[in-house]
Every structure is written in C-alpha cells, then in structure tokens.
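As stored in query14.cif (mmCIF, C-alpha atoms):
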data_structure
#
loop_
_atom_site.label_atom_id
_atom_site.label_comp_id
_atom_site.auth_asym_id
_atom_site.auth_seq_id
_atom_site.Cartn_x
_atom_site.Cartn_y
_atom_site.Cartn_z
CA MET A 1 -23.05 32.97 5.29
CA ALA A 2 -24.87 30.80 2.80
CA ILE A 3 -23.53 27.45 1.71
CA THR A 4 -21.90 27.65 -1.71
CA ARG A 5 -20.13 24.31 -1.99
CA TYR A 6 -22.91 21.85 -2.64
CA VAL A 7 -22.69 18.09 -2.64
CA GLU A 8 -23.52 17.50 -6.30
CA PRO A 9 -22.28 15.45 -9.23
CA GLY A 10 -19.09 17.06 -10.42
CA ARG A 11 -18.04 18.54 -7.04
CA VAL A 12 -14.31 17.98 -6.56
CA ALA A 13 -13.56 16.67 -3.08
CA LEU A 14 -10.40 15.96 -1.10
CA VAL A 15 -10.20 12.67 0.76
CA ASN A 16 -9.35 13.28 4.44
CA TYR A 17 -8.94 9.81 5.80
CA GLY A 18 -8.16 6.29 4.73
CA LYS A 19 -5.87 4.80 2.13
CA ASN A 20 -6.54 7.58 -0.40
CA VAL A 21 -5.88 10.38 2.04
CA HIS A 22 -4.69 13.71 0.51
CA LYS A 23 -6.03 12.70 -2.92
CA LEU A 24 -8.68 14.38 -5.06
CA GLY A 25 -11.87 12.71 -6.22
CA VAL A 26 -15.07 13.83 -7.90
CA ILE A 27 -18.56 13.22 -6.56
CA VAL A 28 -20.37 11.24 -9.21
CA ASP A 29 -23.59 10.27 -7.46
CA ILE A 30 -25.27 10.66 -4.09
CA LEU A 31 -26.50 7.64 -2.14
CA ASP A 32 -28.09 9.24 0.88
CA GLU A 33 -27.47 12.17 3.18
CA ASN A 34 -24.19 10.65 4.40
CA ARG A 35 -22.64 8.84 1.48
CA VAL A 36 -21.53 9.63 -2.03
CA LEU A 37 -20.01 7.78 -4.96
CA LEU A 38 -16.53 9.17 -5.52
CA ASP A 39 -14.23 8.66 -8.50
CA GLY A 40 -10.75 9.99 -9.22
CA PRO A 41 -9.40 8.47 -12.45
CA THR A 42 -6.55 10.98 -12.80
CA THR A 43 -5.45 10.78 -9.16
CA GLY A 44 -5.64 7.04 -8.52
CA VAL A 45 -8.86 7.01 -6.49
CA ALA A 46 -11.01 4.03 -7.44
CA ARG A 47 -14.73 4.48 -8.00
CA GLU A 48 -16.08 3.83 -4.51
CA VAL A 49 -18.65 4.85 -1.95
CA TYR A 50 -17.29 7.35 0.57
CA PRO A 51 -18.93 8.80 3.65
CA LEU A 52 -19.12 12.59 3.44
CA LYS A 53 -17.36 12.78 6.78
CA ARG A 54 -14.19 11.57 5.09
CA LEU A 55 -14.33 14.27 2.45
CA TYR A 56 -13.54 17.93 2.23
CA LEU A 57 -15.51 19.74 -0.46
CA THR A 58 -13.36 22.06 -2.56
CA GLY A 59 -14.47 25.08 -4.54
CA LEU A 60 -13.79 23.30 -7.82
CA LYS A 61 -16.45 21.75 -9.95
CA VAL A 62 -16.64 19.76 -13.18
CA SER A 63 -19.72 19.61 -15.35
CA ILE A 64 -20.74 15.97 -15.62
CA LEU A 65 -24.07 14.25 -15.51
CA ARG A 66 -25.11 12.20 -12.49
CA GLY A 67 -23.56 8.73 -12.63
CA ALA A 68 -21.07 9.61 -15.33
CA ARG A 69 -18.70 6.80 -16.20
CA THR A 70 -15.01 6.86 -15.34
CA LYS A 71 -14.00 7.45 -18.96
CA THR A 72 -16.25 10.50 -19.32
CA LEU A 73 -15.08 11.83 -15.99
CA ARG A 74 -11.45 11.46 -16.96
CA LYS A 75 -12.04 13.50 -20.14
CA ALA A 76 -13.83 16.20 -18.18
CA LEU A 77 -11.04 16.42 -15.60
CA GLU A 78 -8.31 16.63 -18.21
CA ASN A 79 -10.16 19.25 -20.31
CA ASN A 80 -10.67 21.47 -17.26
CA ASP A 81 -7.13 21.03 -15.90
CA ILE A 82 -8.59 20.39 -12.46
CA CYS A 83 -5.30 19.08 -11.01
CA GLU A 84 -3.46 22.25 -12.01
CA LYS A 85 -6.24 24.48 -10.65
CA TRP A 86 -6.11 22.53 -7.39
CA GLU A 87 -2.35 22.96 -7.00
CA LYS A 88 -2.81 26.75 -7.11
CA THR A 89 -5.29 26.87 -4.25
CA SER A 90 -4.07 27.79 -0.77
CA LYS A 91 -5.52 24.58 0.68
CA ALA A 92 -3.35 22.51 -1.65
CA LYS A 93 -0.27 24.56 -0.78
CA LYS A 94 -0.89 24.22 2.94
CA GLN A 95 -1.38 20.49 2.54
CA ALA A 96 1.92 20.22 0.70
CA ILE A 97 3.71 22.06 3.52
CA LYS A 98 2.14 19.81 6.14
CA MET A 99 3.17 16.68 4.26
CA LYS A 100 6.68 18.02 3.78
CA ARG A 101 7.05 18.72 7.49
CA ALA A 102 5.82 15.23 8.37
CA SER A 103 8.39 13.66 6.08
CA LEU A 104 11.43 15.50 7.47
CA ASN A 105 14.06 13.27 8.98
CA ASP A 106 15.99 13.94 12.19
CA TYR A 107 18.75 15.94 10.49
CA ASP A 108 16.28 18.02 8.46
CA ARG A 109 14.35 18.84 11.60
CA PHE A 110 17.55 20.07 13.22
CA VAL A 111 18.41 22.21 10.18
CA VAL A 112 14.96 23.83 10.34
CA SER A 113 15.18 24.57 14.05
CA ASN A 114 18.71 25.91 13.59
CA LEU A 115 17.56 28.27 10.83
CA LYS A 116 14.66 29.46 12.98
CA ARG A 117 17.04 30.25 15.83
CA ARG A 118 19.38 32.16 13.52
CA ARG A 119 16.48 34.11 12.06
CA ALA A 120 15.17 34.99 15.53
CA PHE A 121 18.67 36.09 16.52
CA GLU A 122 18.98 38.34 13.49
CA LEU A 123 15.57 39.90 14.06
CA ARG A 124 16.34 40.61 17.69
CA ARG A 125 19.66 42.12 16.72
CA LYS A 126 18.04 44.38 14.13
CA ALA A 127 15.31 45.45 16.56
CA LYS A 128 17.87 46.88 18.99
CA MET B 1 22.65 -31.54 33.88
CA VAL B 2 25.97 -33.28 34.18
CA LYS B 3 28.76 -30.89 35.01
CA ARG B 4 31.25 -30.63 32.19
CA PHE B 5 34.91 -30.82 33.07
CA ASP B 6 37.42 -28.86 31.07
CA TRP B 7 40.05 -31.59 31.14
CA TYR B 8 41.90 -30.23 28.20
CA LYS B 9 41.53 -26.56 28.89
CA GLY B 10 43.63 -24.91 26.23
CA GLU B 11 43.96 -21.52 24.62
CA GLU B 12 40.86 -21.95 22.49
CA ASN B 13 38.55 -21.79 25.51
CA GLU B 14 40.02 -18.46 26.66
CA GLU B 15 38.98 -16.62 23.51
CA LYS B 16 35.45 -18.00 23.42
CA LYS B 17 34.44 -15.97 26.49
CA GLN B 18 33.97 -12.74 24.52
CA GLN B 19 32.20 -14.37 21.55
CA PRO B 20 28.56 -15.14 22.18
CA GLN B 21 26.97 -17.94 20.17
CA ASN B 22 24.48 -15.64 18.52
CA PRO B 23 25.87 -12.11 18.47
CA THR B 24 23.35 -9.33 17.99
CA LYS B 25 22.36 -8.90 14.38
CA LEU B 26 23.26 -5.43 13.21
CA ARG B 27 20.28 -3.46 11.88
CA HIS B 28 20.20 -3.66 8.10
CA ASN B 29 20.31 0.09 7.50
CA VAL B 30 23.25 0.82 9.79
CA GLN B 31 26.67 1.49 8.31
CA ALA B 32 29.91 3.09 9.47
CA GLY B 33 29.33 6.82 9.90
CA GLN B 34 25.62 6.53 10.64
CA VAL B 35 24.33 8.94 13.26
CA LEU B 36 22.63 7.16 16.15
CA VAL B 37 20.76 8.61 19.11
CA ILE B 38 21.63 7.09 22.48
CA LEU B 39 18.43 6.31 24.34
CA SER B 40 19.53 5.36 27.83
CA GLY B 41 22.39 5.73 30.23
CA ARG B 42 24.58 8.71 31.00
CA PHE B 43 24.61 9.98 27.43
CA ARG B 44 20.92 9.63 26.66
CA GLY B 45 19.70 11.95 23.94
CA LYS B 46 23.14 12.47 22.47
CA ARG B 47 23.71 11.98 18.78
CA VAL B 48 26.80 9.89 18.08
CA VAL B 49 28.62 8.38 15.14
CA PHE B 50 28.49 4.62 14.66
CA LEU B 51 31.90 3.06 13.98
CA LYS B 52 31.61 -0.71 14.01
CA GLN B 53 30.15 -3.73 15.73
CA LEU B 54 32.45 -5.39 18.24
CA GLN B 55 33.10 -9.11 18.60
CA SER B 56 30.77 -9.36 21.57
CA GLY B 57 27.86 -7.92 19.59
CA TYR B 58 27.97 -4.46 21.18
CA ILE B 59 28.31 -1.41 18.98
CA LEU B 60 31.24 0.96 19.05
CA VAL B 61 30.34 4.65 18.80
CA THR B 62 32.08 7.95 19.34
CA GLY B 63 30.78 11.51 19.94
CA PRO B 64 33.30 12.65 18.64
CA TYR B 65 34.54 13.61 22.09
CA LYS B 66 35.37 17.22 21.22
CA VAL B 67 31.91 17.79 19.78
CA ASN B 68 29.55 16.42 22.40
CA GLY B 69 31.62 14.85 25.17
CA VAL B 70 30.84 11.27 24.25
CA PRO B 71 34.03 9.16 24.21
CA LEU B 72 34.59 5.83 22.46
CA LEU B 73 31.58 4.04 23.83
CA ARG B 74 30.38 0.47 23.79
CA LEU B 75 26.59 0.13 23.67
CA PRO B 76 23.95 -2.48 23.11
CA GLN B 77 22.27 -1.80 19.80
CA LYS B 78 18.90 -1.82 21.53
CA HIS B 79 19.77 1.36 23.40
CA THR B 80 20.16 3.32 20.18
CA LEU B 81 17.87 4.91 17.64
CA THR B 82 19.03 4.86 14.03
CA THR B 83 18.73 8.07 12.03
CA SER B 84 19.17 8.29 8.29
CA LYS B 85 22.08 10.73 8.50
CA ILE B 86 25.48 9.37 7.51
CA ILE B 87 28.75 11.14 8.17
CA ASP B 88 31.88 10.52 6.16
CA VAL B 89 34.20 8.27 8.18
CA ALA B 90 36.48 7.19 5.37
CA GLY B 91 39.76 7.85 7.17
CA VAL B 92 38.83 6.27 10.48
CA ASN B 93 40.82 3.29 11.75
CA THR B 94 39.27 1.43 14.67
CA ASP B 95 41.28 -1.79 14.37
CA ASN B 96 42.90 -1.39 17.77
CA VAL B 97 39.61 -0.76 19.58
CA THR B 98 38.12 -4.07 20.67
CA ASP B 99 36.24 -5.43 23.66
CA ALA B 100 39.55 -5.61 25.53
CA TYR B 101 39.77 -1.79 25.32
CA PHE B 102 36.71 -1.55 27.56
CA LYS B 103 37.85 -4.00 30.19
CA LYS B 104 37.78 -2.37 33.61
CA ASP B 105 41.04 -2.24 35.56
CA LYS B 106 40.92 -3.94 38.93
CA LYS B 107 40.68 -1.40 41.72
CA VAL B 108 43.68 -1.32 43.99
CA LYS B 109 42.34 -1.16 47.51
CA GLY B 110 44.54 0.29 50.22
CA THR B 111 44.75 -1.26 53.65
CA LYS B 112 41.76 -0.88 55.93
CA GLU B 113 43.51 1.93 57.78
CA GLU B 114 44.03 3.90 54.62
CA GLN B 115 40.38 3.53 53.68
CA PHE B 116 39.34 4.74 57.12
CA PHE B 117 41.39 7.89 56.84
CA GLN B 118 40.09 8.68 53.40
CA ASP B 119 36.67 9.42 55.01
CA GLY B 120 34.83 7.70 52.27
CA LYS B 121 36.10 10.08 49.61
CA LYS B 122 36.13 8.45 46.25
CA LYS B 123 39.15 8.87 44.04
CA LYS B 124 38.23 10.45 40.77
CA ALA B 125 38.57 7.96 37.94
CA GLU B 126 41.43 8.94 35.68
CA VAL B 127 41.47 8.20 32.00
CA SER B 128 44.74 6.70 30.82
CA GLN B 129 46.85 8.58 28.32
CA GLU B 130 46.61 5.60 26.00
CA LYS B 131 42.84 5.95 25.84
CA LYS B 132 43.09 9.68 25.25
CA ASP B 133 45.45 9.07 22.36
CA THR B 134 43.22 6.43 20.81
CA GLN B 135 40.24 8.77 21.17
CA LYS B 136 42.13 11.57 19.41
CA ALA B 137 43.33 9.28 16.64
CA VAL B 138 39.87 7.89 15.91
CA ASP B 139 38.13 11.27 16.09
CA ALA B 140 40.67 13.14 13.94
CA SER B 141 39.25 12.31 10.52
CA ILE B 142 35.63 12.63 11.64
CA LEU B 143 36.29 16.11 13.02
CA ALA B 144 38.01 17.10 9.79
CA ALA B 145 35.03 15.88 7.77
CA ILE B 146 32.43 17.89 9.74
CA LYS B 147 34.46 20.99 10.58
CA GLY B 148 32.47 24.18 10.10
CA LYS B 149 29.41 22.33 8.81
CA THR B 150 25.91 22.03 10.20
CA GLU B 151 26.69 18.38 10.93
CA ALA B 152 28.94 19.51 13.78
CA LYS B 153 26.10 21.52 15.34
CA TYR B 154 23.76 18.61 14.74
CA LEU B 155 25.97 16.24 16.72
CA ARG B 156 26.23 18.78 19.50
CA ASP B 157 22.44 19.03 19.72
CA VAL B 158 20.58 16.72 22.09
CA PHE B 159 17.51 14.86 20.89
CA THR B 160 14.25 15.50 22.72
CA LEU B 161 10.59 15.19 21.91
CA HIS B 162 8.91 18.56 21.73
CA LYS B 163 5.33 19.52 22.30
CA GLY B 164 3.07 17.96 19.71
CA GLN B 165 5.72 15.55 18.46
CA LYS B 166 4.77 11.91 18.57
CA ALA B 167 7.61 9.41 18.49
CA HIS B 168 5.68 6.92 16.38
CA GLU B 169 4.91 9.60 13.78
CA LEU B 170 8.45 10.94 13.47
CA VAL B 171 10.60 10.00 10.53
CA PHE B 172 14.24 9.38 11.39
#

Now, as a test, write the supplied structure out as structure tokens.
Amino acid sequence: MAITRYVEPGRVALVNYGKNVHKLGVIVDILDENRVLLDGPTTGVAREVYPLKRLYLTGLKVSILRGARTKTLRKALENNDICEKWEKTSKAKKQAIKMKRASLNDYDRFVVSNLKRRRAFELRRKAK
Amino acid sequence: MVKRFDWYKGEENEEKKQQPQNPTKLRHNVQAGQVLVILSGRFRGKRVVFLKQLQSGYILVTGPYKVNGVPLLRLPQKHTLTTSKIIDVAGVNTDNVTDAYFKKDKKVKGTKEEQFFQDGKKKKAEVSQEKKDTQKAVDASILAAIKGKTEAKYLRDVFTLHKGQKAHELVF
C-alpha cells in the first residue's frame, strides 16, 4: 500500500514520548530526514524540534505554509476544528481508554474484574 | 558508657517502655477507614481496614474478621500498602484496644513428665472470649456499613500482581 500520510507542513501528529506525550501538534517545518519543527498552540505543545520517532502521523491535515507562525497556526487549527475531529477518530478513543485504565485505582480495578467475572458467568449460563 | 542506676524507680518508668522516643510517623494520606493491603506475614495480600495508630507506633487494623479472616491486628506501617479507598467507620470505638491487648500470655509449661507424654503435640492456641467480644464489637459498625455492597467483596479479595501489571505503574 502506498504511503498517504506525508511528513509535510500542516500534518497533525501525536506525540508518543516525552513530557508532551498523548498531545497533538502540527508539523510546521522539516529540518532533515529525522527531525521536524512541531507546534501545538491549542494543546499546550511549545514550538520545538521533535524527532520523527517520537511522533505518530495522523490522517488530519491543516493548510498552512511552511514555517507558519504560532498565531497563524492557532487560527488554522481553530477554524478547522482539528481537536474535535481528532476526538472522533478511533485512535483517539483507544488512547482515552488506555489512559483511563492506567489511572484506575485499586478499588476500581477490583470493580472492573468483578464485572468481567459476572458477565462471563451470565454468558456461560445463557450458553447452556 | 556509664551504667545508669534507676535509684528512684517509680511508676513513670513503667509506662515509658511502650512509648518509643520517635514513634513512626503516620503516612499523611492515611485516615480511619482507609483500606490497606498487608504486604508480609500470614495475611499478606489481604485488604484490611485501618483503625488507628497505637502508642507504640504500630497500626491497628481489622479485616473485618467475618469478611476476610483478619482479626484485630497490630502491624508496622512499613508492611502495608495504602490504597485510596476509604470505608465509613463512623461508629467504631477502639478505645479499649491498646498495645496491652496484644501482649502474649506466658505459656504455662507442665512438668517434664507431662511434656514427655504429650509426644511433642502442640496445644492449639485458643482465643479468649474477651478478644472475640472485642473483635465483634469493633467490627459491628464496619460490617453494617459495607453489607451487601461491592466493598465487602473488595475486602474479601486478595491483592496480587497479574500478568503485565507493573507495581511501579499501578495507581493505588
């Protein structure tokens, strides 16, 4: 299958690692084959150089010119409702589930396992 | 060091034995009713209800006994893991449970002949009726508070790490 998600100015990317993990940013400029300039004014990601290895390219794109300033980028993001479009994607939903599971405390974890056992019991009972 | 002589040994010295100079500092997020996980000893893995800190610095916890078989227990705080779950212990009165409650009775040894004939069989340790009554009294309001709720099942459950779970990544 051909590559469709290019590394280009305007490509919305998800940060995988580091202090801004799980946040969205937009590729503004490309330094070399490994690094890009990322900016996320609406999500709290400062304009910084990121290695591509720390990013996951999404299917979303904004139309900005190479090297666009933070102010222009912010306008473009808000006009295109990128954050809302992102929340609807399955990747975003899966990420939310993963983060929720990681934040469960001891009691919550027990409640979940208890519900799973009850569900399995009911299914087995109905299968008979 | 020069040996100190207790010339004027009075009543004050008797009480000091159970009070250490620097008793263990109770963890800041622990309050009465907090669920703790016991990490070592006979009841390791069991989730218990924290009641209070004793004079000696040890913590007083209870199962409750009917729920998970843990009686009124005295533990070092270090052997417990604090969870964020708190159970309502409003009606619990633990005033008569102190370090003295946990003092071991001196074993009454029979004569050497009697021991010989017993063939090394150990007498099963009996719990006094007084202790059973205290246990019931302390547990009564806790049991009433959790009756029929998931909390009761939660206390019955034993804590373990499952596959893929990392202790340092878990939130308690």

### Task
Taking the file as shown, find all residues satisfying the PyMOL selection byres ((chain A and resi 38-47) around 12) and write them as a PyMOL selection string.
chain A and resi 7-15+18-31+35-37+48-52+54-55+57+66-79+81-84+86

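The list of chain B residues within 10 Å of chain A is Val35, Val37, Thr82, Thr83, Ser84, Lys85, Ile86, Thr150, Glu151, Lys153, Tyr154, Leu155, Asp157, Val158, Phe159, Glu169, Leu170, Val171 and Phe172 of chain B; this uses all atoms listed in the file.
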
### Message
If I take CA of Val67 (chain B) and CA of Val30 (chain B), how far is one from the other in Å, to one decimal?
### Response
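CA of Val67 (chain B) sits 21.5 Å away from CA of Val30 (chain B).
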
### Query
What is the distance between CA of Gly45 (chain B) and CA of Asn68 (chain B), in Å to one decimal?
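Going from CA of Gly45 (chain B) over to CA of Asn68 (chain B), I get 10.9 Å.
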
### Task
Could you please determine the separation between CA of Ala32 (chain B) and CA of Lys52 (chain B) in Å, to one decimal place?
6.2 Å

#### Entry: Residue nearest Asn93 (chain B) - candidates B:Ala140, B:Lys131, B:Asp105, B:Val70, atoms counted: all atoms listed in the file
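Smallest distance to Asn93 (chain B) is found for B:Ala140.
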
Output as JSON the centre and edge lengths (Å, one decimal) of the box along x, y and z of the file that holds every listed atom of region 41-56 of chain B after adding 5 Å on each side.
{"center_x": 26.4, "center_y": 1.6, "center_z": 22.5, "size_x": 23.4, "size_y": 31.8, "size_z": 27.0}

#### Entry: Residues within 12 Å of (-4.1, 24.1, -0.6), counting only C-alpha atoms, listed as a list in words
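Residues with an atom at most 12 Å from (-4.1, 24.1, -0.6): Leu14, His22, Lys23, Leu24, Tyr56, Thr58, Gly59, Cys83, Glu84, Lys85, Trp86, Glu87, Lys88, Thr89, Ser90, Lys91, Ala92, Lys93, Lys94, Gln95, Ala96, Ile97, Lys98 and Met99 of chain A.
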
Fill-in result for region 45-56 of chain A, all heavy atoms as a PDB file, in the coordinates of the input:
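What ended up in selection-v2.pdb:
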ATOM      1  N   VAL A  45      -7.799   7.360  -7.441  1.00  0.00           N
ATOM      2  CA  VAL A  45      -8.860   7.010  -6.490  1.00  0.00           C
ATOM      3  C   VAL A  45      -9.873   6.149  -7.237  1.00  0.00           C
ATOM      4  O   VAL A  45     -10.468   6.587  -8.226  1.00  0.00           O
ATOM      5  CB  VAL A  45      -9.533   8.291  -5.947  1.00  0.00           C
ATOM      6  CG1 VAL A  45     -10.705   7.939  -5.055  1.00  0.00           C
ATOM      7  CG2 VAL A  45      -8.519   9.136  -5.198  1.00  0.00           C
ATOM      8  N   ALA A  46     -10.077   4.940  -6.768  1.00  0.00           N
ATOM      9  CA  ALA A  46     -11.010   4.030  -7.440  1.00  0.00           C
ATOM     10  C   ALA A  46     -12.438   4.471  -7.198  1.00  0.00           C
ATOM     11  O   ALA A  46     -12.742   5.146  -6.209  1.00  0.00           O
ATOM     12  CB  ALA A  46     -10.791   2.613  -6.935  1.00  0.00           C
ATOM     13  N   ARG A  47     -13.321   4.114  -8.097  1.00  0.00           N
ATOM     14  CA  ARG A  47     -14.730   4.480  -8.000  1.00  0.00           C
ATOM     15  C   ARG A  47     -15.348   3.737  -6.827  1.00  0.00           C
ATOM     16  O   ARG A  47     -15.570   2.541  -6.873  1.00  0.00           O
ATOM     17  CB  ARG A  47     -15.423   4.118  -9.310  1.00  0.00           C
ATOM     18  CG  ARG A  47     -16.765   4.748  -9.524  1.00  0.00           C
ATOM     19  CD  ARG A  47     -17.288   4.266 -10.878  1.00  0.00           C
ATOM     20  NE  ARG A  47     -18.612   4.757 -11.185  1.00  0.00           N
ATOM     21  CZ  ARG A  47     -18.886   5.854 -11.873  1.00  0.00           C
ATOM     22  NH1 ARG A  47     -17.896   6.600 -12.338  1.00  0.00           N
ATOM     23  NH2 ARG A  47     -20.128   6.228 -12.117  1.00  0.00           N
ATOM     24  N   GLU A  48     -15.640   4.465  -5.764  1.00  0.00           N
ATOM     25  CA  GLU A  48     -16.080   3.830  -4.510  1.00  0.00           C
ATOM     26  C   GLU A  48     -17.025   4.726  -3.749  1.00  0.00           C
ATOM     27  O   GLU A  48     -17.052   5.941  -3.964  1.00  0.00           O
ATOM     28  CB  GLU A  48     -14.844   3.598  -3.631  1.00  0.00           C
ATOM     29  CG  GLU A  48     -14.462   2.161  -3.480  1.00  0.00           C
ATOM     30  CD  GLU A  48     -13.331   1.997  -2.498  1.00  0.00           C
ATOM     31  OE1 GLU A  48     -12.371   2.777  -2.527  1.00  0.00           O
ATOM     32  OE2 GLU A  48     -13.431   1.063  -1.681  1.00  0.00           O
ATOM     33  N   VAL A  49     -17.748   4.084  -2.815  1.00  0.00           N
ATOM     34  CA  VAL A  49     -18.650   4.850  -1.950  1.00  0.00           C
ATOM     35  C   VAL A  49     -17.856   5.410  -0.771  1.00  0.00           C
ATOM     36  O   VAL A  49     -17.130   4.678  -0.106  1.00  0.00           O
ATOM     37  CB  VAL A  49     -19.787   3.952  -1.441  1.00  0.00           C
ATOM     38  CG1 VAL A  49     -20.623   4.674  -0.410  1.00  0.00           C
ATOM     39  CG2 VAL A  49     -20.654   3.481  -2.595  1.00  0.00           C
ATOM     40  N   TYR A  50     -17.983   6.696  -0.549  1.00  0.00           N
ATOM     41  CA  TYR A  50     -17.290   7.350   0.570  1.00  0.00           C
ATOM     42  C   TYR A  50     -18.289   8.040   1.470  1.00  0.00           C
ATOM     43  O   TYR A  50     -19.244   8.647   0.981  1.00  0.00           O
ATOM     44  CB  TYR A  50     -16.312   8.410   0.046  1.00  0.00           C
ATOM     45  CG  TYR A  50     -14.981   7.878  -0.391  1.00  0.00           C
ATOM     46  CD1 TYR A  50     -14.841   7.226  -1.611  1.00  0.00           C
ATOM     47  CD2 TYR A  50     -13.862   8.029   0.417  1.00  0.00           C
ATOM     48  CE1 TYR A  50     -13.610   6.738  -2.008  1.00  0.00           C
ATOM     49  CE2 TYR A  50     -12.630   7.546   0.015  1.00  0.00           C
ATOM     50  CZ  TYR A  50     -12.515   6.894  -1.197  1.00  0.00           C
ATOM     51  OH  TYR A  50     -11.306   6.415  -1.584  1.00  0.00           O
ATOM     52  N   PRO A  51     -18.082   7.980   2.777  1.00  0.00           N
ATOM     53  CA  PRO A  51     -18.930   8.800   3.650  1.00  0.00           C
ATOM     54  C   PRO A  51     -18.485  10.260   3.533  1.00  0.00           C
ATOM     55  O   PRO A  51     -17.294  10.536   3.384  1.00  0.00           O
ATOM     56  CB  PRO A  51     -18.636   8.249   5.049  1.00  0.00           C
ATOM     57  CG  PRO A  51     -17.395   7.468   4.927  1.00  0.00           C
ATOM     58  CD  PRO A  51     -17.130   7.156   3.513  1.00  0.00           C
ATOM     59  N   LEU A  52     -19.438  11.162   3.587  1.00  0.00           N
ATOM     60  CA  LEU A  52     -19.120  12.590   3.440  1.00  0.00           C
ATOM     61  C   LEU A  52     -18.178  13.083   4.535  1.00  0.00           C
ATOM     62  O   LEU A  52     -17.433  14.036   4.345  1.00  0.00           O
ATOM     63  CB  LEU A  52     -20.394  13.434   3.445  1.00  0.00           C
ATOM     64  CG  LEU A  52     -21.127  13.504   2.107  1.00  0.00           C
ATOM     65  CD1 LEU A  52     -22.469  14.186   2.290  1.00  0.00           C
ATOM     66  CD2 LEU A  52     -20.302  14.252   1.074  1.00  0.00           C
ATOM     67  N   LYS A  53     -18.224  12.403   5.672  1.00  0.00           N
ATOM     68  CA  LYS A  53     -17.360  12.780   6.780  1.00  0.00           C
ATOM     69  C   LYS A  53     -15.889  12.636   6.438  1.00  0.00           C
ATOM     70  O   LYS A  53     -15.035  13.257   7.049  1.00  0.00           O
ATOM     71  CB  LYS A  53     -17.680  11.918   8.005  1.00  0.00           C
ATOM     72  CG  LYS A  53     -18.836  12.417   8.793  1.00  0.00           C
ATOM     73  CD  LYS A  53     -18.943  11.697  10.121  1.00  0.00           C
ATOM     74  CE  LYS A  53     -20.018  12.374  10.966  1.00  0.00           C
ATOM     75  NZ  LYS A  53     -20.211  11.695  12.247  1.00  0.00           N
ATOM     76  N   ARG A  54     -15.597  11.784   5.463  1.00  0.00           N
ATOM     77  CA  ARG A  54     -14.190  11.570   5.090  1.00  0.00           C
ATOM     78  C   ARG A  54     -13.755  12.500   3.978  1.00  0.00           C
ATOM     79  O   ARG A  54     -12.659  12.369   3.452  1.00  0.00           O
ATOM     80  CB  ARG A  54     -13.985  10.126   4.641  1.00  0.00           C
ATOM     81  CG  ARG A  54     -14.132   9.150   5.768  1.00  0.00           C
ATOM     82  CD  ARG A  54     -13.636   7.793   5.368  1.00  0.00           C
ATOM     83  NE  ARG A  54     -13.771   6.864   6.473  1.00  0.00           N
ATOM     84  CZ  ARG A  54     -13.364   5.619   6.463  1.00  0.00           C
ATOM     85  NH1 ARG A  54     -12.786   5.132   5.367  1.00  0.00           N
ATOM     86  NH2 ARG A  54     -13.532   4.847   7.499  1.00  0.00           N
ATOM     87  N   LEU A  55     -14.643  13.414   3.585  1.00  0.00           N
ATOM     88  CA  LEU A  55     -14.330  14.270   2.450  1.00  0.00           C
ATOM     89  C   LEU A  55     -14.330  15.729   2.829  1.00  0.00           C
ATOM     90  O   LEU A  55     -15.028  16.150   3.753  1.00  0.00           O
ATOM     91  CB  LEU A  55     -15.348  14.065   1.320  1.00  0.00           C
ATOM     92  CG  LEU A  55     -15.514  12.662   0.771  1.00  0.00           C
ATOM     93  CD1 LEU A  55     -16.615  12.641  -0.256  1.00  0.00           C
ATOM     94  CD2 LEU A  55     -14.219  12.154   0.171  1.00  0.00           C
ATOM     95  N   TYR A  56     -13.517  16.484   2.098  1.00  0.00           N
ATOM     96  CA  TYR A  56     -13.540  17.930   2.230  1.00  0.00           C
ATOM     97  C   TYR A  56     -13.941  18.478   0.873  1.00  0.00           C
ATOM     98  O   TYR A  56     -13.268  18.226  -0.132  1.00  0.00           O
ATOM     99  CB  TYR A  56     -12.137  18.424   2.627  1.00  0.00           C
ATOM    100  CG  TYR A  56     -11.945  19.912   2.460  1.00  0.00           C
ATOM    101  CD1 TYR A  56     -12.368  20.797   3.447  1.00  0.00           C
ATOM    102  CD2 TYR A  56     -11.352  20.426   1.314  1.00  0.00           C
ATOM    103  CE1 TYR A  56     -12.192  22.159   3.293  1.00  0.00           C
ATOM    104  CE2 TYR A  56     -11.168  21.786   1.156  1.00  0.00           C
ATOM    105  CZ  TYR A  56     -11.595  22.642   2.155  1.00  0.00           C
ATOM    106  OH  TYR A  56     -11.427  23.986   1.994  1.00  0.00           O
TER     107      TYR A  56
END
